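Novice: start_39.cif is the file, holding mmCIF, C-alpha atoms:
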data_protein
#
loop_
_atom_site.label_atom_id
_atom_site.label_comp_id
_atom_site.auth_asym_id
_atom_site.auth_seq_id
_atom_site.Cartn_x
_atom_site.Cartn_y
_atom_site.Cartn_z
CA MET A 9 -16.95 -7.66 -17.36
CA GLY A 10 -17.96 -4.98 -14.82
CA THR A 11 -16.52 -1.56 -14.26
CA ASP A 12 -14.72 -2.72 -11.10
CA ASP A 13 -13.02 -5.52 -13.04
CA GLU A 14 -11.94 -3.10 -15.74
CA ALA A 15 -10.58 -0.65 -13.16
CA GLU A 16 -8.62 -3.43 -11.46
CA GLU A 17 -7.21 -4.64 -14.79
CA GLU A 18 -6.13 -1.08 -15.60
CA ARG A 19 -4.56 -0.75 -12.15
CA VAL A 20 -2.60 -4.00 -12.60
CA ALA A 21 -1.54 -3.05 -16.13
CA SER A 22 -0.31 0.33 -14.90
CA ARG A 23 1.70 -1.25 -12.07
CA ALA A 24 3.06 -3.90 -14.42
CA ALA A 25 4.23 -1.18 -16.83
CA SER A 26 6.03 0.51 -13.94
CA LEU A 27 7.73 -2.76 -13.03
CA ALA A 28 8.76 -3.37 -16.62
CA ALA A 29 10.33 0.09 -16.76
CA GLU A 30 12.36 -0.40 -13.56
CA GLU A 31 16.04 -1.13 -13.96
CA GLY A 32 17.66 -4.14 -12.34
CA ASP A 33 16.48 -7.71 -12.15
CA THR A 34 13.80 -8.50 -14.66
CA VAL A 35 10.74 -10.52 -13.77
CA GLU A 36 9.26 -12.97 -16.22
CA ASP A 37 5.64 -12.26 -15.34
CA VAL A 38 5.29 -8.57 -14.45
CA GLU A 39 1.49 -8.83 -14.37
CA ALA A 40 1.61 -11.56 -11.71
CA GLN A 41 4.12 -9.56 -9.69
CA ALA A 42 1.98 -6.42 -10.05
CA GLU A 43 -1.09 -8.33 -8.83
CA ALA A 44 0.85 -9.61 -5.80
CA ILE A 45 2.20 -6.15 -4.96
CA LEU A 46 -1.24 -4.56 -5.26
CA ALA A 47 -2.89 -7.31 -3.20
CA ASP A 48 -0.32 -6.78 -0.44
CA SER A 49 -0.84 -3.02 -0.62
CA ASP A 50 -4.62 -3.42 -0.42
CA GLU A 51 -4.27 -5.72 2.60
CA ARG A 52 -1.99 -3.26 4.41
CA GLU A 53 -4.35 -0.40 3.64
CA GLU A 54 -7.32 -2.38 4.95
CA GLU A 55 -5.44 -3.31 8.14
CA ALA A 56 -4.39 0.30 8.69
CA SER A 57 -8.00 1.44 8.62
CA GLN A 58 -9.13 -1.08 11.25
CA PRO A 59 -9.88 0.45 14.67
CA ASN A 60 -8.11 -2.41 16.50
CA ARG A 61 -4.92 -2.38 14.43
CA GLY A 62 -2.71 -1.60 17.43
CA GLY A 63 -4.28 -4.08 19.78
CA GLY A 64 -7.13 -1.67 20.42
CA PHE A 65 -4.93 1.02 21.98
CA VAL A 66 -4.67 4.43 20.37
CA GLU A 67 -2.03 6.73 21.78
CA HIS A 68 -2.93 10.39 22.01
CA ARG A 69 0.02 12.74 22.44
CA ARG A 70 0.39 16.46 22.28
CA SER A 71 3.43 18.13 20.74
CA GLU A 72 4.75 19.11 24.19
CA ASP A 73 4.74 15.40 25.10
CA THR A 74 7.14 14.58 22.28
CA VAL A 75 9.78 17.33 22.39
CA GLU A 76 11.64 19.26 25.03
CA PRO A 77 10.27 22.79 25.34
CA SER A 78 12.66 25.49 24.15
CA ASP A 79 13.96 27.99 26.69
#
Could you render the structure as structure tokens?

Specialist:
Amino acid sequence: MGTDDEAEEERVASRAASLAAEEGDTVEDVEAQAEAILADSDEREEEASQPNRGGGFVEHRRSEDTVEPSD
């Protein structure tokens, strides 16, 4: 088992422990739920770092473009 695998297992175990500690509906397999949550999070993070995430358009605004100037 490599270091990356161990880090991922620790990450999943940590998230699973957080899920187990949450109040409310209980989940039978917190490790599977933790893996799914982390996979979704990783996917969103990867998409957010892509240069074409907004259809290739990046809006550049200045603060004066977003608020009315004060008198």

Novice: Using Å and a single decimal, report how far CA of Leu46 (chain A) sits from CA of Arg19 (chain A).

Specialist: 8.5 Å

Novice: If I take CA of Arg69 (chain A) and CA of Asp50 (chain A), how far is one from the other in Å, to one decimal?

Specialist: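 Distance between the two atoms: 28.4 Å.
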
Novice: With 12 Å as the threshold, what does the neighbourhood of (4.1, -11.3, -14.2) contain in terms of residues, counting all atoms listed in the file? Coordinates are those of the file; answer as a PDB file with C-alpha atoms, in the frame of the given file.

Specialist:
ATOM      1  CA  VAL A  20      -2.600  -4.000 -12.600  1.00  0.00           C
ATOM      2  CA  ALA A  21      -1.540  -3.050 -16.130  1.00  0.00           C
ATOM      3  CA  ARG A  23       1.700  -1.250 -12.070  1.00  0.00           C
ATOM      4  CA  ALA A  24       3.060  -3.900 -14.420  1.00  0.00           C
ATOM      5  CA  ALA A  25       4.230  -1.180 -16.830  1.00  0.00           C
ATOM      6  CA  SER A  26       6.030   0.510 -13.940  1.00  0.00           C
ATOM      7  CA  LEU A  27       7.730  -2.760 -13.030  1.00  0.00           C
ATOM      8  CA  ALA A  28       8.760  -3.370 -16.620  1.00  0.00           C
ATOM      9  CA  THR A  34      13.800  -8.500 -14.660  1.00  0.00           C
ATOM     10  CA  VAL A  35      10.740 -10.520 -13.770  1.00  0.00           C
ATOM     11  CA  GLU A  36       9.260 -12.970 -16.220  1.00  0.00           C
ATOM     12  CA  ASP A  37       5.640 -12.260 -15.340  1.00  0.00           C
ATOM     13  CA  VAL A  38       5.290  -8.570 -14.450  1.00  0.00           C
ATOM     14  CA  GLU A  39       1.490  -8.830 -14.370  1.00  0.00           C
ATOM     15  CA  ALA A  40       1.610 -11.560 -11.710  1.00  0.00           C
ATOM     16  CA  GLN A  41       4.120  -9.560  -9.690  1.00  0.00           C
ATOM     17  CA  ALA A  42       1.980  -6.420 -10.050  1.00  0.00           C
ATOM     18  CA  GLU A  43      -1.090  -8.330  -8.830  1.00  0.00           C
ATOM     19  CA  ALA A  44       0.850  -9.610  -5.800  1.00  0.00           C
ATOM     20  CA  ILE A  45       2.200  -6.150  -4.960  1.00  0.00           C
TER      21      ILE A  45
END

Novice: Can you work out the spacing between CA of Gln58 (chain A) and CA of Thr11 (chain A) in Å, to one decimal?

Specialist: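 Those two atoms sit 26.6 Å apart.
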